[in-house]
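Reproduced below: data_5.txt, with compact mmCIF, C-alpha atoms.
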# COMPACT_ATOMS: atom_id res chain seq x y z
CA MET K 170 6.94 -6.01 8.96
CA PHE K 171 4.34 -8.74 8.85
CA SER K 172 0.61 -8.25 9.06
CA PHE K 173 -0.20 -10.82 11.73
CA LEU K 174 -3.88 -11.58 11.52
CA LYS K 175 -3.99 -13.91 14.51
CA LYS K 176 -4.48 -12.06 17.77
CA LYS K 177 -1.65 -13.90 19.51
CA PHE K 178 0.87 -12.08 17.35
CA PHE K 179 2.21 -8.57 17.50
CA GLY K 180 0.70 -5.35 16.25
CA SER K 181 1.80 -2.90 13.59
CA ARG K 182 5.33 -2.68 12.27
CA GLU K 183 5.87 0.77 13.76
CA GLU K 184 5.39 -0.62 17.24
CA GLU K 185 7.87 -3.45 16.84
CA PRO K 186 11.56 -3.05 17.69
CA ALA K 187 13.91 -3.81 14.84
CA PRO K 188 15.89 -7.05 15.27
CA SER K 189 19.43 -6.86 16.54
CA ALA K 190 22.48 -7.53 14.43
CA ALA K 191 23.78 -11.05 13.99
CA PRO K 192 26.41 -12.52 11.70
CA GLU K 193 25.34 -14.30 8.53
CA PRO K 194 25.38 -18.09 8.95
CA ALA K 195 27.49 -20.03 6.49
CA PRO K 196 26.54 -23.45 5.17
CA SER K 197 28.13 -26.24 7.13
CA ALA K 198 28.43 -29.86 6.14
CA SER K 199 28.25 -30.83 9.79
CA SER K 200 24.89 -29.10 10.25
CA ALA K 201 22.77 -31.45 8.16
CA ALA K 202 19.02 -31.11 8.35
CA ALA K 203 17.28 -34.01 10.00
CA ALA K 204 14.57 -35.67 7.93
CA GLU K 205 11.09 -35.32 9.35
CA PRO K 206 8.10 -37.61 8.91
CA ALA K 207 5.14 -36.38 6.94
CA ALA K 208 2.89 -36.01 10.00
CA GLU K 209 3.10 -36.02 13.78
CA PRO K 210 0.57 -35.39 16.54
CA ALA K 211 -0.49 -31.78 16.82
CA SER K 212 0.60 -31.77 20.45
CA VAL K 213 4.29 -31.66 19.46
CA THR K 214 5.75 -28.50 20.99
CA PRO K 215 8.23 -26.58 18.81
CA SER K 216 11.63 -25.71 20.22
CA PRO K 217 11.97 -22.15 21.55
CA ALA K 218 14.02 -19.77 19.43
CA PRO K 219 17.53 -19.54 20.89
CA ALA K 220 19.47 -16.33 21.40
CA LEU K 221 21.73 -15.59 18.47
CA PRO K 222 25.30 -14.29 18.79
CA GLY K 223 25.35 -10.53 18.98
CA ASN K 224 21.92 -10.17 20.59
CA SER K 225 23.47 -8.42 23.57
CA ALA K 226 24.00 -5.31 21.42
CA PRO K 227 21.31 -2.60 21.57
CA SER K 228 18.53 -3.07 19.03
CA PRO K 229 18.90 -0.60 16.17
CA THR K 230 16.12 1.93 15.77
CA ARG K 231 14.11 2.48 12.66
CA GLN K 232 16.25 5.54 12.10
CA GLY K 233 19.25 3.24 11.99
CA TRP K 234 17.60 1.29 9.18
CA LEU K 235 16.97 4.50 7.25
CA GLY K 236 20.62 5.41 7.57
CA ARG K 237 21.70 2.02 6.23
CA LEU K 238 19.15 2.25 3.44
CA SER K 239 20.46 5.66 2.37
CA ALA K 240 24.02 4.33 2.39
CA GLY K 241 22.97 1.23 0.49
CA LEU K 242 21.18 3.17 -2.23
CA ARG K 243 24.03 5.64 -2.70
CA LYS K 244 25.23 3.96 -5.90
CA THR K 245 21.77 4.30 -7.42
CA GLY K 246 20.96 7.74 -6.05
CA SER K 247 24.27 9.54 -6.57
CA SER K 248 23.71 10.09 -10.30
CA LEU K 249 20.23 11.46 -9.59
CA THR K 250 21.24 13.85 -6.83
CA ALA K 251 24.21 15.10 -8.88
CA VAL K 252 21.79 16.49 -11.47
CA PHE K 253 20.49 19.07 -8.99
CA ALA K 254 23.88 20.49 -7.98
CA GLY K 255 23.90 24.10 -9.22
CA ALA K 256 21.21 23.32 -11.80
CA ARG K 257 18.66 25.60 -13.38
CA ILE K 258 15.07 24.46 -13.80
CA ASP K 259 14.94 24.11 -17.57
CA ASP K 260 14.81 21.49 -20.30
CA ASP K 261 18.45 20.57 -19.69
CA LEU K 262 17.61 19.59 -16.11
CA TYR K 263 14.84 17.25 -17.26
CA GLU K 264 17.09 15.74 -19.93
CA GLU K 265 19.79 15.03 -17.37
CA LEU K 266 17.21 13.52 -15.02
CA GLU K 267 15.93 11.34 -17.83
CA ALA K 268 19.44 10.02 -18.51
CA ALA K 269 20.06 9.38 -14.80
CA LEU K 270 16.76 7.52 -14.37
CA LEU K 271 17.44 5.36 -17.42
CA MET K 272 20.94 4.58 -16.14
CA ALA K 273 19.32 3.44 -12.88
CA ASP K 274 17.26 0.93 -14.92
CA THR K 275 13.98 2.69 -14.24
CA GLY K 276 12.88 1.82 -17.76
CA ALA K 277 11.74 4.12 -20.56
CA GLN K 278 8.02 4.06 -19.78
CA ALA K 279 8.35 4.56 -16.03
CA THR K 280 10.89 7.33 -16.63
CA ALA K 281 8.49 9.15 -18.98
CA HIS K 282 5.68 8.89 -16.41
CA LEU K 283 7.88 10.14 -13.58
CA LEU K 284 9.14 13.13 -15.56
CA ASP K 285 5.63 14.08 -16.71
CA ASP K 286 4.45 13.90 -13.11
CA LEU K 287 7.44 15.94 -11.95
CA ARG K 288 6.76 18.69 -14.51
CA ARG K 289 3.17 18.94 -13.28
CA ARG K 290 4.27 19.17 -9.68
CA VAL K 291 6.91 21.80 -10.43
CA LYS K 292 4.35 23.89 -12.29
CA ALA K 293 1.72 23.51 -9.58
CA GLU K 294 4.18 24.45 -6.82
CA ARG K 295 5.84 27.15 -8.93
CA ALA K 296 9.15 25.70 -7.81
CA THR K 297 12.22 27.84 -8.53
CA ASP K 298 14.88 26.07 -6.45
CA PRO K 299 16.57 22.84 -7.65
CA GLN K 300 16.39 21.31 -4.19
CA GLN K 301 12.65 21.92 -4.15
CA VAL K 302 12.47 20.05 -7.46
CA ARG K 303 14.45 17.20 -5.91
CA ALA K 304 11.90 16.99 -3.08
CA LEU K 305 9.08 16.96 -5.62
CA LEU K 306 10.81 14.13 -7.49
CA ALA K 307 10.92 12.18 -4.22
CA ASP K 308 7.17 12.72 -3.92
CA ALA K 309 6.63 11.53 -7.49
CA ILE K 310 8.72 8.38 -6.94
CA THR K 311 6.89 7.70 -3.66
CA ASP K 312 3.48 7.84 -5.34
CA TRP K 313 4.72 5.73 -8.25
CA LEU K 314 6.06 2.99 -5.97
CA ARG K 315 3.28 3.05 -3.37
CA PRO K 316 1.27 0.25 -5.07
CA LEU K 317 4.26 -2.05 -4.37
CA GLN K 318 3.98 -1.43 -0.62
CA LYS K 319 1.98 -4.04 1.27
CA PRO K 320 2.51 -6.05 4.49
CA LEU K 321 3.05 -9.79 4.21
CA ALA K 322 0.13 -11.45 5.97
CA VAL K 323 0.47 -14.42 8.31
CA GLY K 324 -2.40 -16.34 9.82
CA ALA K 325 -5.21 -15.35 7.45
CA GLN K 326 -6.29 -18.97 7.14
CA ALA K 327 -9.07 -20.16 9.39
CA ASP K 328 -7.39 -23.54 9.74
CA GLY K 329 -3.90 -24.73 8.95
CA PRO K 330 -0.61 -22.93 8.35
CA THR K 331 0.17 -20.05 6.03
CA VAL K 332 2.24 -21.59 3.22
CA TRP K 333 4.87 -19.60 1.32
CA MET K 334 6.57 -21.00 -1.77
CA VAL K 335 9.85 -19.19 -2.52
CA ALA K 336 11.56 -19.22 -5.92
CA GLY K 337 14.50 -17.47 -7.56
CA VAL K 338 17.55 -17.97 -9.74
CA ASN K 339 20.86 -19.18 -8.35
CA GLY K 340 22.77 -16.40 -6.63
CA ALA K 341 19.78 -14.17 -5.86
CA GLY K 342 20.05 -14.93 -2.14
CA LYS K 343 16.90 -17.06 -1.94
CA THR K 344 17.89 -19.48 0.82
CA THR K 345 19.57 -16.77 2.90
CA THR K 346 16.46 -14.61 2.56
CA ILE K 347 14.31 -17.50 3.79
CA GLY K 348 16.61 -17.81 6.79
CA LYS K 349 16.25 -14.11 7.57
CA LEU K 350 12.46 -14.25 7.21
CA THR K 351 12.41 -17.23 9.56
CA TRP K 352 14.46 -15.32 12.11
CA HIS K 353 12.04 -12.38 12.02
CA LEU K 354 9.02 -14.67 12.29
CA ALA K 355 10.42 -16.79 15.11
CA HIS K 356 11.35 -13.73 17.15
CA ARG K 357 7.85 -12.35 16.79
CA GLY K 358 6.17 -15.44 18.17
CA ALA K 359 5.29 -17.34 15.00
CA THR K 360 5.99 -21.07 14.77
CA VAL K 361 7.70 -21.94 11.50
CA LEU K 362 8.46 -25.12 9.57
CA LEU K 363 10.92 -25.08 6.67
CA ALA K 364 10.76 -27.37 3.64
CA ALA K 365 14.14 -28.08 2.02
CA ALA K 366 12.69 -28.71 -1.46
CA ASP K 367 15.89 -27.53 -3.14
CA THR K 368 17.09 -31.11 -3.54
CA PHE K 369 19.24 -30.35 -6.60
CA ARG K 370 21.96 -28.69 -4.51
CA ALA K 371 23.16 -30.39 -1.32
CA ALA K 372 24.61 -27.16 0.06
CA ALA K 373 21.17 -25.55 -0.08
CA ARG K 374 19.71 -28.20 2.24
CA GLU K 375 22.63 -27.83 4.61
CA GLN K 376 22.35 -24.05 4.58
CA LEU K 377 18.64 -24.19 5.32
CA GLY K 378 19.38 -26.72 8.07
CA VAL K 379 21.76 -24.22 9.71
CA TRP K 380 19.05 -21.57 9.70
CA ALA K 381 16.51 -24.03 11.15
CA GLN K 382 18.92 -25.00 13.93
CA ARG K 383 19.85 -21.43 14.82
CA ASN K 384 16.25 -20.21 14.77
CA GLY K 385 14.93 -23.19 16.72
CA VAL K 386 12.42 -24.19 14.05
CA ASP K 387 11.53 -27.53 12.47
CA ILE K 388 12.65 -28.59 9.00
CA VAL K 389 11.50 -31.29 6.59
CA SER K 390 14.33 -32.54 4.42
CA GLN K 391 15.20 -35.60 2.35
CA ASP K 392 18.58 -36.56 0.95
CA GLY K 393 18.06 -36.52 -2.82
CA GLY K 394 14.29 -36.75 -2.47
CA ASP K 395 11.70 -35.50 -4.93
CA PRO K 396 11.17 -31.74 -4.35
CA ALA K 397 7.40 -31.98 -4.68
CA ALA K 398 7.28 -34.86 -2.18
CA VAL K 399 9.30 -32.82 0.32
CA ALA K 400 6.89 -29.90 -0.09
CA PHE K 401 3.87 -32.17 0.37
CA ASP K 402 5.33 -33.72 3.53
CA ALA K 403 6.15 -30.28 4.93
CA VAL K 404 2.67 -28.85 4.43
CA THR K 405 1.12 -31.99 5.91
CA ALA K 406 3.49 -31.87 8.88
CA GLY K 407 2.87 -28.14 9.36
CA ARG K 408 -0.84 -28.76 9.69
CA ALA K 409 -0.38 -31.74 12.03
CA ARG K 410 1.96 -29.82 14.32
CA GLY K 411 -0.10 -26.64 14.37
CA LYS K 412 2.55 -24.46 12.76
CA ASP K 413 1.75 -20.90 11.79
CA VAL K 414 3.96 -20.73 8.71
CA VAL K 415 5.44 -23.29 6.30
CA ILE K 416 8.14 -21.92 3.97
CA VAL K 417 9.01 -24.05 0.96
CA ASP K 418 12.50 -23.45 -0.44
CA THR K 419 12.74 -24.42 -4.10
CA ALA K 420 15.75 -24.98 -6.35
CA GLY K 421 17.30 -21.95 -8.00
CA ARG K 422 16.98 -22.05 -11.75
CA LEU K 423 17.04 -19.81 -14.79
CA PRO K 424 13.66 -19.12 -16.38
CA THR K 425 15.08 -20.48 -19.64
CA GLN K 426 15.48 -23.94 -18.05
CA LEU K 427 12.03 -25.09 -19.08
CA HIS K 428 12.22 -28.54 -17.50
CA LEU K 429 13.14 -27.02 -14.16
CA MET K 430 10.41 -24.40 -14.43
CA GLU K 431 7.99 -27.28 -14.97
CA GLU K 432 9.31 -28.78 -11.72
CA LEU K 433 8.26 -25.58 -9.96
CA ARG K 434 4.76 -25.92 -11.40
CA LYS K 435 4.68 -29.49 -10.13
CA ILE K 436 5.67 -28.39 -6.62
CA LYS K 437 2.87 -25.85 -6.62
CA ARG K 438 0.32 -28.44 -7.78
CA VAL K 439 1.42 -30.93 -5.13
CA VAL K 440 1.29 -28.27 -2.39
CA GLN K 441 -2.31 -27.60 -3.42
CA LYS K 442 -3.06 -31.30 -2.96
CA ALA K 443 -1.74 -31.12 0.59
CA GLU K 444 -3.67 -27.91 1.32
CA ALA K 445 -6.35 -26.80 -1.13
CA THR K 446 -5.85 -23.06 -0.52
CA ALA K 447 -2.04 -23.22 -0.58
CA PRO K 448 0.41 -21.83 -1.44
CA HIS K 449 -0.91 -18.62 0.04
CA GLU K 450 2.10 -16.67 -1.22
CA VAL K 451 4.35 -17.43 -4.19
CA LEU K 452 7.38 -15.22 -3.66
CA LEU K 453 10.24 -14.50 -6.05
CA VAL K 454 13.60 -13.37 -4.70
CA ILE K 455 15.44 -11.17 -7.21
CA ASP K 456 18.92 -9.66 -7.14
CA GLY K 457 18.76 -5.86 -7.48
CA ASN K 458 22.14 -5.89 -9.22
CA THR K 459 20.61 -7.46 -12.31
CA GLY K 460 18.49 -4.42 -13.22
CA GLN K 461 16.25 -4.98 -16.23
CA ASN K 462 17.12 -8.69 -16.16
CA ALA K 463 15.33 -8.81 -12.81
CA LEU K 464 12.19 -7.59 -14.57
CA ALA K 465 12.62 -10.35 -17.18
CA GLN K 466 12.80 -12.86 -14.32
CA VAL K 467 9.60 -11.47 -12.82
CA LYS K 468 7.78 -11.91 -16.13
CA ALA K 469 9.04 -15.47 -16.67
CA PHE K 470 8.36 -16.75 -13.14
CA ASP K 471 4.99 -15.03 -13.07
CA ALA K 472 4.00 -16.79 -16.28
CA ALA K 473 4.91 -20.12 -14.69
CA LEU K 474 3.69 -19.65 -11.12
CA GLN K 475 1.43 -16.58 -10.90
CA LEU K 476 3.55 -14.70 -8.39
CA THR K 477 1.97 -12.96 -5.42
CA GLY K 478 4.97 -10.92 -4.26
CA LEU K 479 8.66 -10.08 -4.57
CA ILE K 480 11.70 -9.72 -2.34
CA VAL K 481 14.51 -7.60 -3.80
CA THR K 482 17.99 -8.24 -2.39
CA LYS K 483 21.47 -6.69 -2.72
CA LEU K 484 20.27 -3.17 -3.44
CA ASP K 485 23.32 -1.83 -1.62
CA GLY K 486 25.73 -3.07 -4.28
CA THR K 487 23.97 -1.77 -7.36
CA ALA K 488 23.43 1.39 -9.40
CA LYS K 489 20.26 -0.20 -10.81
CA GLY K 490 17.81 0.25 -7.94
CA GLY K 491 15.43 2.04 -10.27
CA VAL K 492 14.23 -1.36 -11.44
CA LEU K 493 11.52 -1.12 -8.76
CA ALA K 494 9.94 1.65 -10.83
CA ALA K 495 10.08 -0.59 -13.90
CA ILE K 496 8.39 -3.39 -11.94
CA ALA K 497 5.67 -0.96 -10.86
CA MET K 498 5.19 0.00 -14.51
CA TRP K 499 4.82 -3.63 -15.55
CA ALA K 500 2.30 -4.32 -12.77
CA ARG K 501 0.24 -1.34 -13.93
CA GLU K 502 0.30 -2.59 -17.50
CA GLN K 503 -0.92 -5.99 -16.29
CA GLY K 504 -3.65 -4.38 -14.24
CA ARG K 505 -2.62 -6.31 -11.16
CA GLU K 506 -1.00 -6.05 -7.77
CA LEU K 507 2.53 -7.40 -7.29
CA PRO K 508 3.94 -6.07 -4.02
CA VAL K 509 7.59 -5.87 -3.08
CA TYR K 510 7.28 -7.23 0.45
CA PHE K 511 10.91 -6.86 1.51
CA ILE K 512 14.14 -5.28 0.33
CA GLY K 513 17.67 -6.23 1.37
CA ILE K 514 20.62 -3.85 1.55
CA GLY K 515 23.24 -5.85 3.44
CA GLU K 516 24.38 -9.07 5.07
CA LYS K 517 23.01 -8.58 8.59
CA LEU K 518 19.63 -9.85 9.71
CA GLU K 519 18.22 -6.36 10.18
CA ASP K 520 19.26 -5.42 6.65
CA LEU K 521 16.20 -7.24 5.31
CA GLN K 522 13.23 -4.99 6.00
CA PRO K 523 9.72 -4.39 4.62
CA PHE K 524 9.54 -2.14 1.60
CA ASP K 525 8.25 1.36 2.25
CA ALA K 526 7.81 3.64 -0.77
CA ARG K 527 8.43 6.90 1.11
CA GLU K 528 11.51 5.57 2.86
CA PHE K 529 12.91 4.25 -0.40
CA ALA K 530 12.35 7.51 -2.31
CA THR K 531 13.77 9.61 0.53
CA ALA K 532 16.87 7.42 0.82
CA LEU K 533 17.33 7.38 -2.96
CA LEU K 534 17.40 11.18 -3.25
CA GLY K 535 19.18 11.90 -0.01

Please re-express this file's structure in structure tokens.
Amino acid sequence: MFSFLKKKFFGSREEEPAPSAAPEPAPSASSAAAAEPAAEPASVTPSPAPALPGNSAPSPTRQGWLGRLSAGLRKTGSSLTAVFAGARIDDDLYEELEAALLMADTGAQATAHLLDDLRRRVKAERATDPQQVRALLADAITDWLRPLQKPLAVGAQADGPTVWMVAGVNGAGKTTTIGKLTWHLAHRGATVLLAAADTFRAAAREQLGVWAQRNGVDIVSQDGGDPAAVAFDAVTAGRARGKDVVIVDTAGRLPTQLHLMEELRKIKRVVQKAEATAPHEVLLVIDGNTGQNALAQVKAFDAALQLTGLIVTKLDGTAKGGVLAAIAMWAREQGRELPVYFIGIGEKLEDLQPFDAREFATALLG
């Protein structure tokens, strides 16, 4: 899940048990986040992560995740798999596949590349069975999406915390995703500090406070404070307390809201003043339901913040999961790396998992 570069953390993702199920926390007015000072002695010991409700249930296996992923991607994959039912390998098959890929919001350019690759594979393998062609399409999608697959590193800095700045539009699931990431980190031994820099929406601070309380992690929050000041205090406090990770939650906004996008740039500049090498990751949370609009968000936020990675949520409720192929196409055109670190296909904690190109392609095509 995470590439922990400090030896005190765990090893590879394959060796780690998946987290157990737990209900989604709801924002609560009574669970306000306590304001923290900008710095405290490094000897402050963080609270241990408490057991969450539902942890008595057996931990789901990786196979359980694959089953949920397949179920979640059914809306996207059903139109693709239907093409192969009783089909002949001819131009009509490729035309139907083209239509299905476009309907899944794969994008015209990525669709053309995938179909060209598929034709080459079919010819090389001398495939005569539609199901063999479907398997070859899964291979083509895997190779196309593989550049998006990369672990999210923690602890690469020689001194000081790893700082993540998280952005996204309202409704994408940004604050909930931060809570889930915190849960995963805390239960793998990392010490985390959250920065409630979404000061435009009171419920966001309260929601983040609930996650901090349930995960046993510290939070820096101010009632109506300046977002950049909150971020600065959090990074400073994270260093003083010896935290491994500081996650800065920012206000959700549309990329067309230029004054708010400028506020994001300000937060990033101020974070760099607190820690010259920070933020080490600038992550955008996007809603998979929005399809090509998600790609437009990636372009706009990248222009403002120079994104380092993405988290795609709500893929279980959409027929537009092909947008990952469109994102891969855009990254190729830009000549850069923009990994999809995590994907979400449900409400439970274990439904947010690291993106794996082979798993995604296999689940998509059944």

Query raised in the report: So which residues are close to (25.0, 5.1, -7.2), meaning at most 12 Å away in the file's coordinates with only C-alpha atoms counted, and can you show them as a VMD selection string?
Result: chain K and resid 239 to 251 269 to 270 272 to 274 458 484 to 491 532 to 535

Generate the output file for the selected residues, C-alpha atoms, as a PDB file, in the frame of the given file.
ATOM      1  CA  SER K 239      20.460   5.660   2.370  1.00  0.00           C
ATOM      2  CA  ALA K 240      24.020   4.330   2.390  1.00  0.00           C
ATOM      3  CA  GLY K 241      22.970   1.230   0.490  1.00  0.00           C
ATOM      4  CA  LEU K 242      21.180   3.170  -2.230  1.00  0.00           C
ATOM      5  CA  ARG K 243      24.030   5.640  -2.700  1.00  0.00           C
ATOM      6  CA  LYS K 244      25.230   3.960  -5.900  1.00  0.00           C
ATOM      7  CA  THR K 245      21.770   4.300  -7.420  1.00  0.00           C
ATOM      8  CA  GLY K 246      20.960   7.740  -6.050  1.00  0.00           C
ATOM      9  CA  SER K 247      24.270   9.540  -6.570  1.00  0.00           C
ATOM     10  CA  SER K 248      23.710  10.090 -10.300  1.00  0.00           C
ATOM     11  CA  LEU K 249      20.230  11.460  -9.590  1.00  0.00           C
ATOM     12  CA  THR K 250      21.240  13.850  -6.830  1.00  0.00           C
ATOM     13  CA  ALA K 251      24.210  15.100  -8.880  1.00  0.00           C
ATOM     14  CA  ALA K 269      20.060   9.380 -14.800  1.00  0.00           C
ATOM     15  CA  LEU K 270      16.760   7.520 -14.370  1.00  0.00           C
ATOM     16  CA  MET K 272      20.940   4.580 -16.140  1.00  0.00           C
ATOM     17  CA  ALA K 273      19.320   3.440 -12.880  1.00  0.00           C
ATOM     18  CA  ASP K 274      17.260   0.930 -14.920  1.00  0.00           C
ATOM     19  CA  ASN K 458      22.140  -5.890  -9.220  1.00  0.00           C
ATOM     20  CA  LEU K 484      20.270  -3.170  -3.440  1.00  0.00           C
ATOM     21  CA  ASP K 485      23.320  -1.830  -1.620  1.00  0.00           C
ATOM     22  CA  GLY K 486      25.730  -3.070  -4.280  1.00  0.00           C
ATOM     23  CA  THR K 487      23.970  -1.770  -7.360  1.00  0.00           C
ATOM     24  CA  ALA K 488      23.430   1.390  -9.400  1.00  0.00           C
ATOM     25  CA  LYS K 489      20.260  -0.200 -10.810  1.00  0.00           C
ATOM     26  CA  GLY K 490      17.810   0.250  -7.940  1.00  0.00           C
ATOM     27  CA  GLY K 491      15.430   2.040 -10.270  1.00  0.00           C
ATOM     28  CA  ALA K 532      16.870   7.420   0.820  1.00  0.00           C
ATOM     29  CA  LEU K 533      17.330   7.380  -2.960  1.00  0.00           C
ATOM     30  CA  LEU K 534      17.400  11.180  -3.250  1.00  0.00           C
ATOM     31  CA  GLY K 535      19.180  11.900  -0.010  1.00  0.00           C
TER      32      GLY K 535
END

Report task. Name the closest residue to Val509 of chain K among the candidates K:Gln461, K:Thr297, K:Gln326, K:Gln318; distances are taken between atoms, counting all atoms listed in the file. Result -> K:Gln318

Report task. Tell me which of K:Gln278, K:Thr405, K:Thr331, K:Gln522 sits closest to Thr360 of chain K, counting all atoms listed in the file. Result ->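 Result for the nearest residue to Thr360 of chain K: K:Thr331.
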
Requested in this report: Kindly indicate which residue among K:Leu507, K:Val454, K:Ala420, K:Met430 lies nearest to Thr477 of chain K, using all atoms listed in the file for the distances.
Outcome: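 Smallest separation from Thr477 of chain K among the options: K:Leu507.
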
**Report entry** Distance of atom CA of Asp413 of chain K from atom CA of Arg370 of chain K, expressed in Å to one decimal place
**Finding:** 27.1 Å

Requested in this report: Would you please work out which residue, of K:Ala279, K:Leu476, K:Leu453, K:Leu306, is nearest to Ala336 of chain K when using all atoms listed in the file?
Outcome: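 Going through K:Ala279, K:Leu476, K:Leu453, K:Leu306 one by one, the smallest distance to Ala336 of chain K is for K:Leu453.
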
Report task. Can you pull out every residue within 9 Å of segment 443-447 of chain K, counting only C-alpha atoms, but drop anything in the same chain fewer than 6 positions away, and send it as a list in words? Result -> Gln326, Gly329, Thr331, Val332, Trp333, Met334, Ala400, Phe401, Asp402, Val404, Thr405, Arg408 and Lys437 of chain K

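From atom CA of Ala381 of chain K back to atom CA of Leu321 of chain K, the distance works out to 20.8 Å.
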
Query raised in the report: In Å to one decimal, how far is atom CA of Lys483 of chain K from atom CA of Val335 of chain K?
Result: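 Between these atoms lies a distance of 17.1 Å.
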